[in-house]
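J.: My structure is below; once you've seen it, I'll send some questions.
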Amino acid sequence: MKCVYIDSNLSITEEMKRLILFSMACLVATATLAQTDSICTESLPEIVVNADGQIETAENTVLLPTMIEKKHSANGFDLLSVMQTAELDVSPRSRSITTHSGKEVVLCINGVEVLPEDVATLRSKNIRSIEYIRTPSGKYAGKAGLINFVTVKLEYGGNVYLSASEGFAYKTGDYLAFTDFTKKGLTLSLTASGDWAHDHSYKDGHEDYIFSDHTTLTRDFTSQSSLRKSNNEAIRLKLTSTGENHRLNTYVSLTRQAMPSAEAVMNAQYNCRYNGTMERLTSSDSRGLAPTLYANYTRWLPKDQTLDFTASASFAHNKYNSLYNETSQPTMTSAVTEDNNSIHGNARYYKSWQNGRMLSASLTHDHNHYKDIYAGTSTGDQRLTTDVTMGLLQLSGSTQKYYYYVSAGVSNSVVSLNSTHYNYCVPVAFYGGNYVLSQKHSLSFNGLFTHTLFDPSNKNDMTVPTSFFEAVKGNPNLAPLKVLGNTLSYNGQIGKSKISLSYDNNIYFDNILHQYTADNQTIFDTRINDGNFYGNMLTATYAYSVFSDKLRLSLTAIEEYNMLRGDEYDMERNIFRIKASVTYLTGDWMLKMNYRSPYTSLDIREPYLIRRRPVYELQVSWNHKDWAVEALVRNPFNRYDKQHITMDYGCYRRDTWNYSEADGCNLNLKLTYSFGYGKKQERGNTEIDKRINSAIMRTY
């Protein structure tokens with residue numbers, strides 16, 4: 001445990017200034033991440049230093065937001081977007097932060113993992129520094145990165161955050177409210193959110209089918225109308241207690257998810273085996289309700305030891321109904337009722353030494369149980385239970401120049417589908433390291449070998465028709481796929497320039513994808529394990545700021561070479577695309593333009609080739625004191641985003657166009673009001689999850 005003292009009479013060089021600023025940022029955090037030692041906090045006088053906004057260290061990168069960046073942002077997403085960190089793709093609108101390769105980045109506030117809604121309600125004025133870890137370990141081993149927002153402290157007080165976003169071309173609404181109050185180490189917070197959308201997305205195209213008796217059928221279809229309505233609400237009440245040697249986070253939440261109506265009408269022209277024009281109507285609705293309980297307890301023990309326990313439980317009730325009707329064909333219906341429960345438990349122990357080494361052990365168990373009752377055209381009951389247990393040992397070490405960790409163990413998955421049982425036991429390993437060339441340049445390596453669980457809706461022995469000649473067929477023998485992934489990256493600064501270079505290599509063994517088969521009457525769509533996927537991605541980003549950091553430019557180039565090698569599919573594709581943004585800050589105003597180039601990619605899950613169109617985006621925002629107003633225009637020239645999909649599956653060939661209203665013309669207006677009060681203290685973090693666990697096989 002290290003403490004830092006500063007003698008104000010010393011002469012401070014630029015190098016020392018950076019070290020002092022970094023030390024102060026670290027001392028602010030009251031909750032530490034799994035891979036760091038305990039921190040001793042001392043009261044230090046306010047010091048103003050001129051240092052770089054990004055400091056590379058052995059364990060993480062410290063990002064120091066400036067006053068102009070805080071002024072032009074309302075929350076954590078806005079702030080990180082304005083800062084233009086070279087290796088991160090930040091989208092405040094969709095509340096997501098990923099690497100440019102699209103990999104998941106964990107979000108934390110003061111060392112505690114949170115969800116996107118929490119960062120969306122974190123006032124930028126409360127953020128003192130941001131820690132970015134490229135090789136997260138411990139409970140976050142295997143993730144592509146971790147962002148930790150370090151906030152100010154308060155003796156007592158709280159925060160209020162309210163935001164409302166309305167879409168006028170694509171009809172949507174998104175509302176978020178948060179408040180908390182802290183006193184004597186206790187924080188009580190309440191978060192509520194709601195959203196709705198009216199989506200007119202549709203598809204047109206041409207399809208060819210070949211049955212096992214060698215007869216053929218072609219279908220040309222054109223959409224006549226389409227509307228999908230959805231709405232979701234969630235509320236969460238959380239209590240946090242923080243002491244000198246412990247931290248407790250516990251909450252209860254309730255999530256409601258509904259799709260009251262989804263209807264589509266299209267004309268279909270059939271030839272060969274069937275002839276004539278038919279009108280096809282599909283409709284569906286669904287709803288779900290899920291309460292969740294969560295608790296995390298961390299205890300810091302003497303001699304640099306830590307215990308960490310996490311437990312959560314959720315219960316959900318879901319209903320799904322669908323109808324399919326085509327001229328001169330029997331009407332097909334499906335009605336599914338599902339009750340499920342999910343229980344998660346995790347226990348971890350950490351021991352660190354003065355030489356920078358640390359040993360940790362963890363045991364994790366996840367239990368999911370689904371009971372589905374199918375009625376309508378296809379009837380049946382299904383019970384699916386998955387139990388995943390994983391044990392890991394981890395060794396890590398660090399100096400001023402480098403950091404490394406190696407974590408290895410065993411993961412065992414037990415799956416029960418009705419009366420049949422499956423067991424999958426595989427070794428798992430996570431590893432990574434950083435090497436600091438200087439405070440402006442570093443190298444990082446992050447890797448894993450593990451397996452991922454399949455979507456439980458595909459571990460299924462039901463066959464559900466989707467038309468008079470098509471059906472979805474569950475595969476009870478579907479197994480998890482194994483993943484070997486490695487990422488090597490360089491990150492550096494030269495004056496006002498930021499540079500990021502990375503190479504990603506991923507291999508998916510026993511890849512999961514769609515297989516189409518046929519008998520004399522029906523074309524079946526089934527998920528199977530087949531062959532391997534080999535992915536290679538090279539990413540380069542250059543960011544530059546001029547005119548006293550008021551004008552900011554960013555350019556990212558991505559080159560991919562992906563291959564599918566298996567019995568069913570033997571495909572490869574080379575992809576090149578770019579992303580570019582220009583940001584100008586003046587007074588209370590910010591003007592930002594984003595561009596993403598068109599490209600054709602290989603979707604490895606269907607699989608298919610998909611042609612994506614360019615994306616144009618203009619954002620104008622005004623931030624003044626506690627108010628923020630943002631206007632956004634996206635793809636203003638086309639109501640729908642067009643995606644061209646082509647693929648030959650043997651018995652089924654597709655040449656279709658998807659018209660996405662959500663990704664087409666968007667005119668959004670967002671209003672935010674937030675304020676804080678009291679004597680500065682740590683902000684309570686929040687968690688609210690809009691997802692509802694479900695294994696229902698959706699058909700239309």
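Letters A, B, ... mark the chains of the structure tokens in the order given; residue numbers begin at 1 per chain; ligand numbers begin at 1, in order shown.
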Per residue of region 130-180 of chain A within 10 Å of region 70-79 of chain A, note the shortest atom pair and the distance in Å to one decimal, counting only C-alpha atoms, and order the rows by chain and increasing residue number, as a Markdown table.

T.:
```
| residue | atom | partner | partner_atom | distance |
| --- | --- | --- | --- | --- |
| A:Ile130 | CA | A:Gly76 | CA | 9.5 |
| A:Phe149 | CA | A:Gly76 | CA | 7.8 |
| A:Tyr161 | CA | A:Asn75 | CA | 9.3 |
| A:Ser163 | CA | A:Ala74 | CA | 9.9 |
```

J.: Identify, on the basis of only C-alpha atoms, every residue whose closest approach to Asp381 (chain A) does not exceed 9 Å; exclude the query and any residue fewer than 3 positions from it along the same chain; express the result as an MDAnalysis selection string.

T.: chainID A and resid 371:375 418 462

J.: Taking 2 positions as the minimum chain separation for residues in the same chain, which residues sit within 7 Å of region 345-355 of chain A when counting only C-alpha atoms? Answer as a ChimeraX atom specification.

T.: /A:37,304-312,343,357-366

J.: Region 402-495 of chain A near region 382-396 of chain A within 12 Å: what's each residue's closest atom pair and its distance in Å to one decimal, counting only C-alpha atoms, ordered by chain then ascending residue number, as CSV?

T.:
```
residue,atom,partner,partner_atom,distance
A:Tyr402,CA,A:Ser396,CA,10.8
A:Tyr403,CA,A:Ser396,CA,7.5
A:Tyr404,CA,A:Ser396,CA,5.5
A:Tyr405,CA,A:Ser396,CA,4.0
A:Val406,CA,A:Leu395,CA,5.5
A:Ser407,CA,A:Gln394,CA,4.1
A:Ala408,CA,A:Leu392,CA,5.4
A:Gly409,CA,A:Leu392,CA,4.3
A:Val410,CA,A:Gly391,CA,5.7
A:Ser411,CA,A:Met390,CA,4.2
A:Asn412,CA,A:Thr389,CA,5.3
A:Ser413,CA,A:Val388,CA,4.4
A:Val414,CA,A:Asp387,CA,5.1
A:Val415,CA,A:Thr386,CA,4.5
A:Ser416,CA,A:Thr385,CA,5.1
A:Leu417,CA,A:Leu384,CA,4.6
A:Asn418,CA,A:Arg383,CA,5.0
A:Ser419,CA,A:Arg383,CA,8.5
A:Thr420,CA,A:Leu384,CA,9.6
A:His421,CA,A:Thr385,CA,9.3
A:Tyr422,CA,A:Thr386,CA,9.4
A:Asn423,CA,A:Asp387,CA,9.6
A:Tyr424,CA,A:Val388,CA,9.2
A:Cys425,CA,A:Thr389,CA,9.5
A:Val426,CA,A:Met390,CA,9.7
A:Pro427,CA,A:Met390,CA,9.5
A:Val428,CA,A:Leu392,CA,8.3
A:Ala429,CA,A:Leu392,CA,8.4
A:Phe430,CA,A:Gln394,CA,8.8
A:Tyr431,CA,A:Gln394,CA,9.2
A:Gly432,CA,A:Ser396,CA,9.5
A:Gly433,CA,A:Ser396,CA,9.2
A:Asn434,CA,A:Ser396,CA,11.6
A:Thr450,CA,A:Met390,CA,10.8
A:His451,CA,A:Val388,CA,11.2
A:Thr452,CA,A:Val388,CA,10.8
A:Leu453,CA,A:Val388,CA,9.2
A:Phe454,CA,A:Thr386,CA,10.6
A:Asp455,CA,A:Thr386,CA,11.1
A:Pro456,CA,A:Leu384,CA,7.9
A:Ser457,CA,A:Leu384,CA,9.3
A:Asn458,CA,A:Leu384,CA,10.8
A:Lys459,CA,A:Leu384,CA,8.1
A:Asn460,CA,A:Gln382,CA,8.0
A:Asp461,CA,A:Gln382,CA,8.3
A:Met462,CA,A:Gln382,CA,8.3
A:Thr463,CA,A:Gln382,CA,12.0
A:Gly474,CA,A:Gln382,CA,11.5
A:Pro476,CA,A:Leu384,CA,10.3
A:Pro480,CA,A:Val388,CA,11.7
```

J.: Considering only C-alpha atoms, state which residue in the set A:Ala313, A:Ala144, A:Ile55, A:Ala543 is at the smallest distance from Thr99 (chain A).

T.: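 For Thr99 (chain A), the nearest of the given residues is A:Ala144.
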
J.: Near Asn532 (chain A), within 8 Å and counting only C-alpha atoms, which residues show up once chain neighbours fewer than 4 positions away are dropped, as a ChimeraX atom specification?

T.: /A:507-511,564-566

J.: Between A:Asp519, A:Gly397, A:Met67, A:Asn505, which one has atoms that come closest to Cys651 (chain A), using only C-alpha atoms?

T.: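 Ranking A:Asp519, A:Gly397, A:Met67, A:Asn505 by distance to Cys651 (chain A), first place goes to A:Asp519.
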
J.: Write out as a PyMOL selection string all residues of region 362-580 of chain A that backbone DSSP assigns to strand (DSSP E).

T.: chain A and resi 362-376+380-398+402-417+420-438+441-452+463-465+470-473+481-494+497-509+512-518+523-529+532-546+551-565+570-580

J.: Tell me, in Å to one decimal, how far CA of Thr466 (chain A) is from CA of Tyr270 (chain A).

T.: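 Interatomic distance here is 16.5 Å.
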
J.: List every residue of region 73-256 of chain A that DSSP, applied to the backbone, labels as alpha helix (DSSP H), and write the result as a list in words.

T.: Gly76, Phe77, Asp78, Leu79, Leu80, Ser81, Val82, Met83, Pro116, Glu117, Asp118, Val119 and Ala120 of chain A

J.: Those residues with N, CA, C and O atoms, as an mmCIF file, in the first residue's frame please?

T.:
```
data_model
loop_
_atom_site.group_PDB
_atom_site.id
_atom_site.type_symbol
_atom_site.label_atom_id
_atom_site.label_comp_id
_atom_site.auth_asym_id
_atom_site.auth_seq_id
_atom_site.Cartn_x
_atom_site.Cartn_y
_atom_site.Cartn_z
ATOM 1 N N GLY A 76 -21.160 10.647 -19.041
ATOM 2 C CA GLY A 76 -19.920 9.926 -19.273
ATOM 3 C C GLY A 76 -19.686 9.569 -20.731
ATOM 4 O O GLY A 76 -18.551 9.648 -21.225
ATOM 5 N N PHE A 77 -20.730 9.165 -21.441
ATOM 6 C CA PHE A 77 -20.591 8.843 -22.858
ATOM 7 C C PHE A 77 -20.200 10.072 -23.662
ATOM 8 O O PHE A 77 -19.309 10.018 -24.524
ATOM 9 N N ASP A 78 -20.867 11.184 -23.404
ATOM 10 C CA ASP A 78 -20.548 12.419 -24.115
ATOM 11 C C ASP A 78 -19.098 12.820 -23.887
ATOM 12 O O ASP A 78 -18.389 13.208 -24.824
ATOM 13 N N LEU A 79 -18.655 12.735 -22.643
ATOM 14 C CA LEU A 79 -17.305 13.168 -22.311
ATOM 15 C C LEU A 79 -16.256 12.322 -23.023
ATOM 16 O O LEU A 79 -15.313 12.849 -23.625
ATOM 17 N N LEU A 80 -16.409 11.004 -22.988
ATOM 18 C CA LEU A 80 -15.427 10.135 -23.631
ATOM 19 C C LEU A 80 -15.454 10.304 -25.150
ATOM 20 O O LEU A 80 -14.427 10.176 -25.819
ATOM 21 N N SER A 81 -16.627 10.616 -25.711
ATOM 22 C CA SER A 81 -16.727 10.859 -27.149
ATOM 23 C C SER A 81 -15.984 12.123 -27.543
ATOM 24 O O SER A 81 -15.256 12.151 -28.537
ATOM 25 N N VAL A 82 -16.137 13.198 -26.757
ATOM 26 C CA VAL A 82 -15.451 14.454 -27.056
ATOM 27 C C VAL A 82 -13.942 14.299 -26.903
ATOM 28 O O VAL A 82 -13.163 14.885 -27.666
ATOM 29 N N MET A 83 -13.500 13.479 -25.956
ATOM 30 C CA MET A 83 -12.070 13.303 -25.714
ATOM 31 C C MET A 83 -11.377 12.563 -26.861
ATOM 32 O O MET A 83 -10.158 12.620 -26.993
ATOM 33 N N PRO A 116 -24.819 0.434 -19.129
ATOM 34 C CA PRO A 116 -24.797 1.681 -19.909
ATOM 35 C C PRO A 116 -25.675 2.789 -19.339
ATOM 36 O O PRO A 116 -25.312 3.972 -19.424
ATOM 37 N N GLU A 117 -26.842 2.445 -18.775
ATOM 38 C CA GLU A 117 -27.716 3.470 -18.213
ATOM 39 C C GLU A 117 -27.036 4.245 -17.091
ATOM 40 O O GLU A 117 -27.314 5.426 -16.866
ATOM 41 N N ASP A 118 -26.115 3.577 -16.372
ATOM 42 C CA ASP A 118 -25.423 4.242 -15.276
ATOM 43 C C ASP A 118 -24.468 5.311 -15.795
ATOM 44 O O ASP A 118 -24.379 6.410 -15.246
ATOM 45 N N VAL A 119 -23.743 4.992 -16.865
ATOM 46 C CA VAL A 119 -22.822 5.965 -17.456
ATOM 47 C C VAL A 119 -23.610 7.096 -18.120
ATOM 48 O O VAL A 119 -23.177 8.245 -18.134
ATOM 49 N N ALA A 120 -24.798 6.768 -18.640
ATOM 50 C CA ALA A 120 -25.634 7.784 -19.285
ATOM 51 C C ALA A 120 -26.208 8.779 -18.285
ATOM 52 O O ALA A 120 -26.643 9.866 -18.677
#
```

J.: Which one is closest to Gln619 (chain A): A:Arg93, A:Phe211, A:Gln224, A:Val160? Count only C-alpha atoms.

T.: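 Smallest separation from Gln619 (chain A) among the options: A:Arg93.
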
J.: Give me, please, the distance in Å between CA of Leu254 (chain A) and CA of Lys238 (chain A), quoted to one decimal.

T.: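 Separation of CA of Leu254 (chain A) and CA of Lys238 (chain A): 12.0 Å.
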
J.: Excluding Leu602 (chain A) and residues on its chain fewer than 5 positions from it, collect all residues at most 10 Å away from it, counting only C-alpha atoms, and give them as a list in words.

T.: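 Listed by chain and then number, they are Glu560, Tyr561, Asn562, Met563, Leu564, Met571, Glu572, Arg573, Asn574, Ile575, Pro607, Tyr608, Leu609, Ile610, Arg611 and Ile645 of chain A.
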